[in-house]
>>> print(open('query-v4.txt').read())   # compact mmCIF, C-alpha atoms and all ligand atoms
# COMPACT_ATOMS: atom_id res chain seq x y z
CA MET A 1 3.47 -98.70 26.54
CA PRO A 2 3.59 -102.20 28.11
CA GLU A 3 0.57 -104.27 27.11
CA ASN A 4 -1.40 -104.06 30.34
CA ALA A 5 -0.24 -100.57 31.35
CA LEU A 6 -2.97 -98.08 32.19
CA PRO A 7 -3.61 -95.36 29.59
CA LEU A 8 -1.72 -92.08 30.12
CA ILE A 9 -3.64 -89.40 31.97
CA ASP A 10 -2.99 -86.26 29.95
CA PHE A 11 -1.98 -83.11 31.71
CA ASN A 12 -4.37 -81.21 29.45
CA ARG A 13 -7.07 -82.25 26.99
CA PRO A 14 -9.17 -79.60 25.23
CA VAL A 15 -12.72 -80.87 24.66
CA VAL A 16 -16.02 -79.87 23.07
CA VAL A 17 -18.51 -79.00 25.82
CA GLY A 18 -21.53 -77.61 23.99
CA LYS A 19 -22.47 -76.26 20.57
CA GLU A 20 -18.95 -75.76 19.18
CA ASN A 21 -19.50 -77.89 16.05
CA GLU A 22 -22.94 -76.45 15.35
CA TYR A 23 -21.74 -72.85 15.68
CA MET A 24 -18.65 -73.43 13.56
CA ALA A 25 -20.81 -75.03 10.85
CA GLN A 26 -23.05 -71.94 10.95
CA ALA A 27 -20.05 -69.63 10.61
CA ILE A 28 -18.79 -71.65 7.63
CA ALA A 29 -22.23 -71.76 6.01
CA ALA A 30 -22.45 -67.98 6.28
CA ALA A 31 -19.50 -67.97 3.83
CA LYS A 32 -18.10 -64.91 5.51
CA PHE A 33 -15.92 -65.80 8.40
CA SER A 34 -13.10 -63.31 8.66
CA GLY A 35 -12.91 -61.21 11.83
CA ASP A 36 -15.66 -59.34 13.67
CA GLY A 37 -18.54 -61.43 12.30
CA PRO A 38 -21.69 -62.37 14.27
CA PHE A 39 -19.98 -64.93 16.54
CA THR A 40 -17.18 -62.49 17.42
CA ARG A 41 -19.81 -59.89 18.30
CA LYS A 42 -21.78 -62.35 20.44
CA ALA A 43 -18.72 -63.64 22.31
CA SER A 44 -17.48 -60.09 23.00
CA ALA A 45 -20.93 -58.94 24.12
CA LEU A 46 -21.21 -61.94 26.47
CA LEU A 47 -17.86 -61.08 28.06
CA GLU A 48 -18.69 -57.36 28.30
CA GLU A 49 -21.98 -58.16 29.96
CA GLN A 50 -20.69 -60.84 32.38
CA LEU A 51 -17.60 -58.90 33.41
CA GLY A 52 -19.04 -55.38 33.32
CA VAL A 53 -16.22 -54.22 31.03
CA GLN A 54 -16.57 -51.18 28.80
CA LYS A 55 -15.27 -52.91 25.66
CA VAL A 56 -13.97 -56.40 24.84
CA LEU A 57 -12.09 -57.06 21.59
CA LEU A 58 -11.34 -60.67 20.73
CA THR A 59 -7.74 -61.19 19.64
CA THR A 60 -5.72 -63.98 18.09
CA SER A 61 -4.01 -64.68 21.43
CA CYS A 62 -3.32 -63.29 24.87
CA THR A 63 0.17 -62.52 23.57
CA HIS A 64 -1.39 -60.26 20.95
CA ALA A 65 -3.63 -58.56 23.49
CA LEU A 66 -0.46 -57.85 25.51
CA GLU A 67 1.21 -56.43 22.38
CA MET A 68 -1.80 -54.15 22.05
CA PHE A 69 -1.20 -53.00 25.66
CA ALA A 70 2.24 -51.81 24.58
CA PHE A 71 0.81 -49.72 21.71
CA LEU A 72 -2.05 -48.34 23.79
CA LEU A 73 0.17 -47.43 26.75
CA ASP A 74 2.49 -45.73 24.27
CA ILE A 75 5.55 -47.71 25.37
CA ARG A 76 8.73 -46.26 23.87
CA PRO A 77 12.41 -47.24 23.92
CA GLY A 78 13.86 -46.74 27.37
CA ASP A 79 10.54 -46.95 29.22
CA GLU A 80 10.48 -49.39 32.12
CA VAL A 81 7.70 -51.92 32.60
CA ILE A 82 7.44 -53.91 35.83
CA VAL A 83 6.44 -57.56 35.44
CA PRO A 84 6.69 -60.53 37.79
CA SER A 85 9.65 -62.74 36.92
CA PHE A 86 7.36 -65.72 37.54
CA THR A 87 5.20 -65.54 34.40
CA PHE A 88 5.00 -66.57 30.77
CA VAL A 89 7.37 -64.82 28.34
CA SER A 90 4.59 -62.93 26.55
CA THR A 91 3.87 -60.80 29.64
CA VAL A 92 7.23 -59.14 29.11
CA ASN A 93 8.09 -59.76 25.46
CA ALA A 94 5.15 -57.61 24.31
CA PHE A 95 6.83 -54.57 25.87
CA VAL A 96 10.40 -55.47 24.92
CA LEU A 97 9.18 -55.56 21.29
CA ARG A 98 8.48 -51.81 21.63
CA GLY A 99 11.88 -51.10 23.17
CA ALA A 100 10.95 -51.21 26.85
CA ARG A 101 13.35 -52.33 29.57
CA PRO A 102 11.75 -55.02 31.73
CA VAL A 103 12.03 -54.67 35.49
CA PHE A 104 11.44 -57.99 37.22
CA ALA A 105 9.45 -58.12 40.44
CA ASP A 106 9.53 -61.03 42.84
CA ILE A 107 6.39 -62.87 43.95
CA ARG A 108 4.68 -63.54 47.26
CA ALA A 109 5.51 -66.95 48.75
CA ASP A 110 1.82 -67.73 49.47
CA THR A 111 -0.10 -66.95 46.25
CA LEU A 112 2.92 -66.74 43.88
CA ASN A 113 1.51 -63.38 42.74
CA LEU A 114 3.51 -60.17 42.27
CA ASP A 115 4.79 -59.08 45.68
CA GLU A 116 3.24 -55.69 46.30
CA ALA A 117 5.56 -55.10 49.27
CA GLY A 118 8.56 -54.76 46.93
CA LEU A 119 6.75 -52.82 44.20
CA GLY A 120 7.36 -49.23 45.37
CA ALA A 121 11.14 -49.71 45.35
CA LEU A 122 11.07 -50.81 41.69
CA ILE A 123 9.26 -47.71 40.42
CA THR A 124 11.48 -45.01 38.87
CA PRO A 125 10.71 -41.87 36.85
CA ARG A 126 10.94 -44.08 33.71
CA THR A 127 8.33 -46.61 34.89
CA LYS A 128 5.44 -46.60 32.44
CA ALA A 129 3.39 -49.56 33.61
CA VAL A 130 3.00 -52.44 36.06
CA ILE A 131 1.60 -55.73 34.75
CA PRO A 132 0.16 -57.90 37.55
CA VAL A 133 -0.47 -61.52 36.56
CA HIS A 134 -3.27 -63.22 38.49
CA TYR A 135 -1.40 -66.49 38.80
CA ALA A 136 -3.62 -69.60 38.72
CA GLY A 137 -6.62 -67.26 38.59
CA VAL A 138 -6.11 -66.03 42.17
CA GLY A 139 -6.25 -62.24 42.34
CA CYS A 140 -3.12 -60.18 43.08
CA GLU A 141 -3.28 -57.73 46.00
CA MET A 142 -4.99 -55.13 43.83
CA ASP A 143 -5.83 -52.65 46.63
CA ALA A 144 -2.15 -52.22 47.48
CA ILE A 145 -0.99 -52.32 43.85
CA LEU A 146 -3.47 -49.63 42.80
CA GLU A 147 -2.59 -47.50 45.82
CA ILE A 148 1.16 -47.60 45.10
CA THR A 149 0.84 -47.08 41.33
CA GLY A 150 -1.84 -44.39 41.75
CA ARG A 151 0.44 -42.38 44.01
CA ARG A 152 3.29 -42.63 41.49
CA GLN A 153 1.03 -42.15 38.42
CA VAL A 154 1.99 -45.43 36.81
CA ALA A 155 -0.51 -47.34 34.65
CA VAL A 156 -1.70 -50.81 35.66
CA ALA A 157 -2.72 -53.36 33.03
CA GLU A 158 -3.60 -56.92 34.05
CA ASP A 159 -2.37 -60.10 32.43
CA ASN A 160 -5.48 -62.11 33.25
CA ALA A 161 -4.59 -65.15 31.12
CA HIS A 162 -5.56 -67.48 34.00
CA GLY A 163 -8.21 -65.35 35.64
CA LEU A 164 -11.38 -65.20 33.55
CA PHE A 165 -14.38 -64.97 35.96
CA GLY A 166 -12.16 -64.81 39.04
CA LYS A 167 -12.78 -62.10 41.64
CA TYR A 168 -10.75 -60.05 44.10
CA LYS A 169 -12.89 -58.67 46.93
CA SER A 170 -16.06 -59.31 44.88
CA ARG A 171 -14.79 -57.40 41.83
CA ASN A 172 -14.02 -59.21 38.56
CA LEU A 173 -10.38 -59.74 37.66
CA GLY A 174 -9.69 -57.84 34.47
CA THR A 175 -11.57 -54.74 35.64
CA PHE A 176 -8.83 -53.18 37.80
CA GLY A 177 -6.33 -52.05 35.18
CA VAL A 178 -6.88 -49.65 32.29
CA LEU A 179 -6.48 -52.77 30.15
CA ALA A 180 -6.54 -56.51 30.72
CA SER A 181 -5.78 -59.56 28.60
CA GLN A 182 -7.38 -63.02 28.43
CA SER A 183 -6.10 -66.24 26.89
CA PHE A 184 -8.21 -68.84 25.10
CA HIS A 185 -5.27 -71.11 24.37
CA GLU A 186 -6.13 -74.81 24.56
CA THR A 187 -4.69 -75.07 28.07
CA LYS A 188 -7.13 -72.52 29.49
CA ASN A 189 -10.55 -73.05 31.13
CA PHE A 190 -12.28 -71.68 28.02
CA THR A 191 -10.65 -72.18 24.67
CA CYS A 192 -10.79 -71.90 20.91
CA GLY A 193 -7.37 -73.49 20.38
CA GLU A 194 -5.48 -70.23 20.03
CA GLY A 195 -7.21 -67.00 20.99
CA GLY A 196 -7.41 -64.15 23.43
CA ALA A 197 -9.17 -60.92 24.30
CA LEU A 198 -8.33 -57.35 25.13
CA LEU A 199 -10.48 -55.87 27.91
CA ILE A 200 -10.63 -52.07 27.83
CA ASN A 201 -11.69 -50.29 30.99
CA ASP A 202 -10.70 -46.77 29.88
CA PRO A 203 -13.24 -45.58 27.27
CA GLY A 204 -10.61 -43.20 25.90
CA LEU A 205 -8.61 -46.15 24.56
CA VAL A 206 -11.41 -47.95 22.66
CA GLU A 207 -11.14 -46.19 19.31
CA ARG A 208 -7.34 -46.51 19.10
CA ALA A 209 -7.55 -50.17 20.14
CA GLU A 210 -9.95 -50.89 17.27
CA ILE A 211 -7.55 -49.20 14.85
CA ILE A 212 -4.45 -51.03 16.12
CA ARG A 213 -6.26 -54.37 15.89
CA GLU A 214 -7.30 -53.62 12.28
CA LYS A 215 -3.81 -53.07 10.79
CA GLY A 216 -3.74 -49.38 11.72
CA THR A 217 -6.88 -48.57 9.74
CA ASN A 218 -10.22 -47.08 10.75
CA ARG A 219 -12.04 -50.07 9.22
CA SER A 220 -14.25 -50.56 12.31
CA ARG A 221 -15.56 -47.00 12.02
CA PHE A 222 -16.15 -47.57 8.28
CA PHE A 223 -18.26 -50.68 8.98
CA ARG A 224 -20.29 -48.72 11.52
CA GLY A 225 -20.90 -46.06 8.84
CA GLN A 226 -19.01 -43.42 10.82
CA VAL A 227 -16.61 -42.64 7.94
CA ASP A 228 -17.21 -43.14 4.20
CA LYS A 229 -13.89 -44.79 3.40
CA TYR A 230 -11.29 -46.49 5.48
CA THR A 231 -7.63 -45.76 5.42
CA TRP A 232 -4.29 -46.00 7.25
CA VAL A 233 -4.52 -43.76 10.32
CA ASP A 234 -2.08 -45.21 12.89
CA VAL A 235 0.37 -48.05 13.52
CA GLY A 236 -1.21 -51.46 13.99
CA SER A 237 -1.25 -55.10 13.09
CA SER A 238 -3.70 -57.92 12.43
CA TYR A 239 -4.97 -59.08 15.78
CA LEU A 240 -8.52 -60.22 15.06
CA PRO A 241 -9.47 -63.90 14.97
CA SER A 242 -11.62 -65.62 12.36
CA ASP A 243 -15.34 -65.87 13.16
CA ILE A 244 -14.94 -69.69 13.05
CA LEU A 245 -12.73 -69.50 16.14
CA ALA A 246 -15.14 -67.06 17.78
CA ALA A 247 -17.95 -69.57 17.10
CA PHE A 248 -16.00 -72.25 18.99
CA LEU A 249 -15.26 -69.82 21.81
CA LEU A 250 -18.86 -68.63 22.15
CA ALA A 251 -20.02 -72.24 22.63
CA GLN A 252 -17.45 -72.67 25.40
CA LEU A 253 -18.36 -69.41 27.14
CA GLU A 254 -22.03 -70.41 27.09
CA GLN A 255 -21.07 -73.45 29.17
CA ARG A 256 -19.46 -71.33 31.87
CA GLU A 257 -21.39 -72.95 34.74
CA LYS A 258 -20.73 -76.51 33.56
CA ILE A 259 -17.01 -75.89 32.94
CA GLN A 260 -16.38 -74.05 36.19
CA SER A 261 -18.38 -76.48 38.31
CA HIS A 262 -16.39 -79.42 36.91
CA ARG A 263 -13.10 -77.63 37.51
CA ARG A 264 -14.15 -76.74 41.06
CA LYS A 265 -14.81 -80.44 41.71
CA VAL A 266 -11.40 -81.46 40.36
CA TRP A 267 -9.58 -78.81 42.40
CA ASN A 268 -11.47 -79.64 45.60
CA PHE A 269 -10.88 -83.36 45.10
CA TYR A 270 -7.12 -82.89 44.78
CA GLN A 271 -7.08 -80.51 47.74
CA GLU A 272 -9.10 -82.79 49.98
CA HIS A 273 -7.28 -86.01 49.10
CA LEU A 274 -3.75 -84.65 49.10
CA ASN A 275 -3.90 -82.36 52.11
CA ASP A 276 -2.73 -84.83 54.79
CA TRP A 277 -0.06 -86.32 52.49
CA ALA A 278 1.19 -82.81 51.70
CA GLN A 279 1.35 -81.84 55.36
CA ALA A 280 3.22 -85.01 56.29
CA HIS A 281 5.80 -84.38 53.54
CA GLU A 282 6.14 -80.60 53.86
CA VAL A 283 4.62 -80.11 50.43
CA LYS A 284 2.72 -76.84 49.95
CA LEU A 285 -0.66 -76.81 48.24
CA PRO A 286 -2.15 -73.68 46.63
CA PHE A 287 -3.23 -70.85 48.93
CA VAL A 288 -6.34 -68.84 48.09
CA PRO A 289 -7.07 -65.80 50.30
CA ALA A 290 -10.63 -65.77 51.67
CA TYR A 291 -11.47 -62.60 49.70
CA CYS A 292 -10.40 -64.13 46.36
CA GLU A 293 -12.73 -66.20 44.20
CA GLN A 294 -10.33 -68.29 42.16
CA THR A 295 -10.95 -69.68 38.68
CA TYR A 296 -9.85 -73.28 39.29
CA HIS A 297 -7.41 -72.90 36.44
CA MET A 298 -4.74 -75.25 37.79
CA PHE A 299 -3.70 -77.38 40.73
CA TYR A 300 -0.07 -77.10 41.70
CA MET A 301 2.12 -78.39 44.54
CA LEU A 302 5.42 -77.03 45.84
CA LEU A 303 7.84 -79.84 46.72
CA PRO A 304 10.58 -79.20 49.29
CA THR A 305 13.39 -79.34 46.68
CA LEU A 306 14.08 -79.40 42.93
CA GLU A 307 15.40 -82.94 43.20
CA LEU A 308 12.17 -84.18 44.82
CA ARG A 309 10.07 -82.31 42.26
CA GLN A 310 11.93 -84.00 39.41
CA ARG A 311 11.63 -87.39 41.08
CA LEU A 312 7.89 -86.91 41.57
CA ILE A 313 7.39 -86.03 37.88
CA ALA A 314 9.31 -89.18 36.89
CA HIS A 315 7.37 -91.28 39.43
CA LEU A 316 4.03 -90.00 38.10
CA ARG A 317 5.06 -90.65 34.50
CA GLN A 318 5.88 -94.26 35.41
CA ARG A 319 2.35 -94.58 36.72
CA GLY A 320 0.86 -93.09 33.57
CA VAL A 321 0.24 -89.60 34.94
CA GLU A 322 1.53 -86.60 33.02
CA SER A 323 2.57 -83.68 35.23
CA VAL A 324 4.45 -80.52 34.27
CA PHE A 325 6.37 -77.64 35.79
CA HIS A 326 6.71 -73.96 34.89
CA TYR A 327 7.77 -71.04 34.77
CA LEU A 328 11.52 -70.64 34.44
CA PRO A 329 12.39 -67.33 36.13
CA LEU A 330 12.36 -64.69 33.39
CA HIS A 331 15.17 -62.67 34.97
CA LEU A 332 17.47 -65.72 34.61
CA SER A 333 16.51 -66.55 31.00
CA ASP A 334 18.96 -65.65 28.20
CA MET A 335 16.95 -62.50 27.49
CA GLY A 336 16.45 -61.67 31.17
CA ARG A 337 20.21 -61.79 31.75
CA LYS A 338 20.74 -59.39 28.83
CA PHE A 339 18.62 -56.95 30.83
CA GLY A 340 20.83 -57.49 33.88
CA GLY A 341 19.02 -60.36 35.63
CA GLN A 342 21.17 -62.16 38.23
CA PRO A 343 20.63 -65.19 40.47
CA GLY A 344 19.26 -64.00 43.79
CA ASP A 345 17.34 -61.01 42.32
CA CYS A 346 13.97 -62.72 42.85
CA PRO A 347 14.55 -65.47 45.43
CA VAL A 348 10.92 -66.51 45.88
CA THR A 349 10.50 -66.89 42.11
CA GLU A 350 13.71 -68.93 41.88
CA ARG A 351 12.52 -71.28 44.64
CA ALA A 352 8.98 -71.69 43.31
CA SER A 353 10.29 -72.40 39.83
CA ASP A 354 12.35 -75.30 41.19
CA GLN A 355 9.62 -76.68 43.43
CA LEU A 356 6.39 -76.38 41.47
CA VAL A 357 4.58 -79.24 39.76
CA ARG A 358 1.13 -79.12 38.14
CA LEU A 359 -1.24 -82.09 38.15
CA PRO A 360 -3.52 -83.10 35.25
CA PHE A 361 -6.36 -80.59 35.06
CA HIS A 362 -8.90 -80.23 32.29
CA ASN A 363 -12.58 -80.13 31.46
CA ALA A 364 -12.90 -83.86 30.75
CA LEU A 365 -10.91 -85.35 33.64
CA THR A 366 -12.92 -88.30 34.97
CA ALA A 367 -13.44 -89.42 38.57
CA GLU A 368 -11.39 -92.52 37.82
CA GLU A 369 -8.53 -90.41 36.48
CA MET A 370 -8.63 -88.10 39.49
CA ASN A 371 -8.44 -91.13 41.78
CA ARG A 372 -5.50 -92.53 39.85
CA VAL A 373 -3.65 -89.19 40.06
CA VAL A 374 -4.20 -88.95 43.82
CA GLU A 375 -3.16 -92.56 44.41
CA ALA A 376 -0.01 -92.10 42.33
CA VAL A 377 0.96 -88.94 44.25
CA ARG A 378 0.31 -90.57 47.61
CA GLU A 379 2.49 -93.53 46.69
CA PHE A 380 5.41 -91.12 46.41
CA ASP A 381 7.02 -91.41 49.79
CA PHE A 382 10.21 -89.66 50.78
C1 LIG B 1 0.34 -65.55 32.36
C2 LIG B 1 0.27 -65.78 30.88
N1 LIG B 1 0.24 -64.73 30.06
C3 LIG B 1 0.17 -64.87 28.72
C4 LIG B 1 0.12 -66.11 28.13
C5 LIG B 1 0.06 -66.23 26.64
O1 LIG B 1 -1.19 -66.70 26.21
P1 LIG B 1 -1.45 -67.04 24.68
O2 LIG B 1 -0.95 -68.42 24.44
O3 LIG B 1 -2.96 -66.95 24.52
O4 LIG B 1 -0.77 -66.02 23.84
C6 LIG B 1 0.15 -67.25 28.95
C7 LIG B 1 0.10 -68.59 28.33
O5 LIG B 1 -0.10 -69.59 28.93
C8 LIG B 1 0.23 -67.08 30.35
O6 LIG B 1 0.30 -68.15 31.19
>>> encode(input="query-v4.txt", output="structure tokens")
Amino acid sequence: MPENALPLIDFNRPVVVGKENEYMAQAIAAAKFSGDGPFTRKASALLEEQLGVQKVLLTTSCTHALEMFAFLLDIRPGDEVIVPSFTFVSTVNAFVLRGARPVFADIRADTLNLDEAGLGALITPRTKAVIPVHYAGVGCEMDAILEITGRRQVAVAEDNAHGLFGKYKSRNLGTFGVLASQSFHETKNFTCGEGGALLINDPGLVERAEIIREKGTNRSRFFRGQVDKYTWVDVGSSYLPSDILAAFLLAQLEQREKIQSHRRKVWNFYQEHLNDWAQAHEVKLPFVPAYCEQTYHMFYMLLPTLELRQRLIAHLRQRGVESVFHYLPLHLSDMGRKFGGQPGDCPVTERASDQLVRLPFHNALTAEEMNRVVEAVREFDF
């Protein structure tokens, strides 16, 4: 860095917002901090209560919660699972691990969420599940998705990695599917470094979920005194986080109001101060339907072309602002092509992937940093 250059504004910076250190010290002092200890129970109970979900099981990641979907939905080789092409690899990999064939759906041009208009045509007699991803914490068109899948008797399970505490038509995201997943990775609104949760809305799946998460054993029933020894009863793996991580997470969840109100301010600031610049340059800012309460997870912009997007990222870096893009279309990845993905299959995804850039967004972004980001973007003239 040149001597008088301004410090880099990080794209993401995970920070302590409340009693994280105190709670972790308590978990350590208890000298018993494997999974399902007191902090895990408190964090799950808080989520169950705030979301109105039947059962929440903390997991080691959202990826692992998605892997649990595949077990619980009984995905077998040859089954088809419909996922948006515009998502993180875990949304699809979890099912491919069990032998499923991914079927890639395109997204809507406005919200970048799974395009419900094309969904019916993708459903076949082999379709086992549809996995809507509430991109940027803005709800998918759940009325239409549930109507189409209900008619064809296909399960819906939500990848809600971005959508904790978001709402679609006043109903919490994560409560529409039989199952939903959350991420507490360090890039998310609420974090414990690496972590996730499985939300279970179908009471019939709770017992099996507990078993799968506990290496295929009925250990949870044993600890509740419901059986007098625990043993291997099903397939499973080790998906439960340490109570030290749950302690960190609980402290973050307790600061829900503080975290969300800060993120709302950041999002609104970017929106307000970039709107006229965006209009003048044919740049698209995020669209949030009036009936969606978003989670303020990210702020993205869609530049007119890939070349301009790349130039903007370089321009921002020169001014000490870190910005990033994502996702590469899954149907055009090496794995996606093995499943038959071809250019042109999901045109809206392909365009968005070229055009999208995300601005710095985290729980400790200062007013000065926000101003610097906005100024740097506005200096980019083309
Ligand atoms: C939509 C989506 N699903 C799943 C994941 C995976 O989350 P995790 O890192 O907690 O496994 C991510 C990660 O960012 C994501 O964006």
>>> closest_residue(input="query-v4.txt", among="A:Ile313, A:Leu328, A:Cys292, A:Ala209", to="ligand LIG 1 (chain B)", atoms="all atoms listed in the file")
A:Leu328
>>> residues_around(input="query-v4.txt", residues="Pro360 (chain A)", least_positions_apart="4", cutoff="8 Å", atoms="only C-alpha atoms", output="PDB file with C-alpha atoms, keeping the file's coordinate frame")
ATOM      1  CA  ILE A   9      -3.640 -89.400  31.970  1.00  0.00           C
ATOM      2  CA  ASP A  10      -2.990 -86.260  29.950  1.00  0.00           C
ATOM      3  CA  PHE A  11      -1.980 -83.110  31.710  1.00  0.00           C
ATOM      4  CA  ASN A  12      -4.370 -81.210  29.450  1.00  0.00           C
ATOM      5  CA  PHE A 299      -3.700 -77.380  40.730  1.00  0.00           C
ATOM      6  CA  VAL A 321       0.240 -89.600  34.940  1.00  0.00           C
ATOM      7  CA  GLU A 322       1.530 -86.600  33.020  1.00  0.00           C
ATOM      8  CA  SER A 323       2.570 -83.680  35.230  1.00  0.00           C
ATOM      9  CA  LEU A 365     -10.910 -85.350  33.640  1.00  0.00           C
ATOM     10  CA  VAL A 373      -3.650 -89.190  40.060  1.00  0.00           C
TER      11      VAL A 373
END
>>> closest_residue(input="query-v4.txt", among="A:Thr149, A:Gln50, A:Thr124, A:Ser181", to="ligand LIG 1 (chain B)", atoms="all atoms listed in the file")
A:Ser181
>>> closest_residue(input="query-v4.txt", among="A:Pro125, A:Gly120, A:Ser170, A:Thr187", to="ligand LIG 1 (chain B)", atoms="all atoms listed in the file")
A:Thr187
>>> residues_near_ligand(input="query-v4.txt", ligand="ligand LIG 1 (chain B)", cutoff="10 Å", atoms="only C-alpha atoms and all ligand atoms", output="mmCIF file with C-alpha atoms, in the frame of the given file")
data_model
loop_
_atom_site.group_PDB
_atom_site.id
_atom_site.type_symbol
_atom_site.label_atom_id
_atom_site.label_comp_id
_atom_site.auth_asym_id
_atom_site.auth_seq_id
_atom_site.Cartn_x
_atom_site.Cartn_y
_atom_site.Cartn_z
ATOM 1 C CA THR A 59 -7.740 -61.190 19.640
ATOM 2 C CA THR A 60 -5.720 -63.980 18.090
ATOM 3 C CA SER A 61 -4.010 -64.680 21.430
ATOM 4 C CA CYS A 62 -3.320 -63.290 24.870
ATOM 5 C CA THR A 63 0.170 -62.520 23.570
ATOM 6 C CA HIS A 64 -1.390 -60.260 20.950
ATOM 7 C CA ALA A 65 -3.630 -58.560 23.490
ATOM 8 C CA LEU A 66 -0.460 -57.850 25.510
ATOM 9 C CA GLU A 67 1.210 -56.430 22.380
ATOM 10 C CA PRO A 84 6.690 -60.530 37.790
ATOM 11 C CA PHE A 86 7.360 -65.720 37.540
ATOM 12 C CA THR A 87 5.200 -65.540 34.400
ATOM 13 C CA PHE A 88 5.000 -66.570 30.770
ATOM 14 C CA VAL A 89 7.370 -64.820 28.340
ATOM 15 C CA SER A 90 4.590 -62.930 26.550
ATOM 16 C CA THR A 91 3.870 -60.800 29.640
ATOM 17 C CA VAL A 92 7.230 -59.140 29.110
ATOM 18 C CA ASN A 93 8.090 -59.760 25.460
ATOM 19 C CA ALA A 94 5.150 -57.610 24.310
ATOM 20 C CA PRO A 132 0.160 -57.900 37.550
ATOM 21 C CA VAL A 133 -0.470 -61.520 36.560
ATOM 22 C CA HIS A 134 -3.270 -63.220 38.490
ATOM 23 C CA TYR A 135 -1.400 -66.490 38.800
ATOM 24 C CA ALA A 136 -3.620 -69.600 38.720
ATOM 25 C CA GLY A 137 -6.620 -67.260 38.590
ATOM 26 C CA GLU A 158 -3.600 -56.920 34.050
ATOM 27 C CA ASP A 159 -2.370 -60.100 32.430
ATOM 28 C CA ASN A 160 -5.480 -62.110 33.250
ATOM 29 C CA ALA A 161 -4.590 -65.150 31.120
ATOM 30 C CA HIS A 162 -5.560 -67.480 34.000
ATOM 31 C CA GLY A 163 -8.210 -65.350 35.640
ATOM 32 C CA SER A 181 -5.780 -59.560 28.600
ATOM 33 C CA GLN A 182 -7.380 -63.020 28.430
ATOM 34 C CA SER A 183 -6.100 -66.240 26.890
ATOM 35 C CA PHE A 184 -8.210 -68.840 25.100
ATOM 36 C CA HIS A 185 -5.270 -71.110 24.370
ATOM 37 C CA GLU A 186 -6.130 -74.810 24.560
ATOM 38 C CA THR A 187 -4.690 -75.070 28.070
ATOM 39 C CA LYS A 188 -7.130 -72.520 29.490
ATOM 40 C CA THR A 191 -10.650 -72.180 24.670
ATOM 41 C CA CYS A 192 -10.790 -71.900 20.910
ATOM 42 C CA GLY A 193 -7.370 -73.490 20.380
ATOM 43 C CA GLU A 194 -5.480 -70.230 20.030
ATOM 44 C CA GLY A 195 -7.210 -67.000 20.990
ATOM 45 C CA GLY A 196 -7.410 -64.150 23.430
ATOM 46 C CA ALA A 197 -9.170 -60.920 24.300
ATOM 47 C CA HIS A 326 6.710 -73.960 34.890
ATOM 48 C CA TYR A 327 7.770 -71.040 34.770
#
>>> residues_around(input="query-v4.txt", residues="Ala247 (chain A)", least_positions_apart="5", cutoff="9 Å", atoms="only C-alpha atoms", output="list of chain:residue names")
A:Lys19, A:Glu20, A:Asn21, A:Glu22, A:Tyr23, A:Met24, A:Ala25, A:Gln26, A:Ala27, A:Pro38, A:Phe39, A:Thr40, A:Lys42, A:Ala43, A:Cys192, A:Ser242, A:Gln252
>>> closest_atom_pairs(input="query-v4.txt", of="region 220-301 of chain A", to="region 339-359 of chain A", cutoff="9 Å", atoms="only C-alpha atoms", output="tab-separated table")
residue	atom	partner	partner_atom	distance
A:Tyr270	CA	A:Leu359	CA	8.9
A:Met298	CA	A:Arg358	CA	7.0
A:Phe299	CA	A:Arg358	CA	5.8
A:Tyr300	CA	A:Arg358	CA	4.3
A:Met301	CA	A:Val357	CA	5.4
>>> closest_residue(input="query-v4.txt", among="A:Ala100, A:Ile145, A:Leu198, A:Ala314", to="Gly118 (chain A)", atoms="only C-alpha atoms")
A:Ile145
>>> atom_distance(input="query-v4.txt", atom1="CA of Leu205 (chain A)", atom2="CA of Val235 (chain A)")
14.4 Å
>>> atom_distance(input="query-v4.txt", atom1="CA of Gln226 (chain A)", atom2="CA of Leu199 (chain A)")
22.8 Å
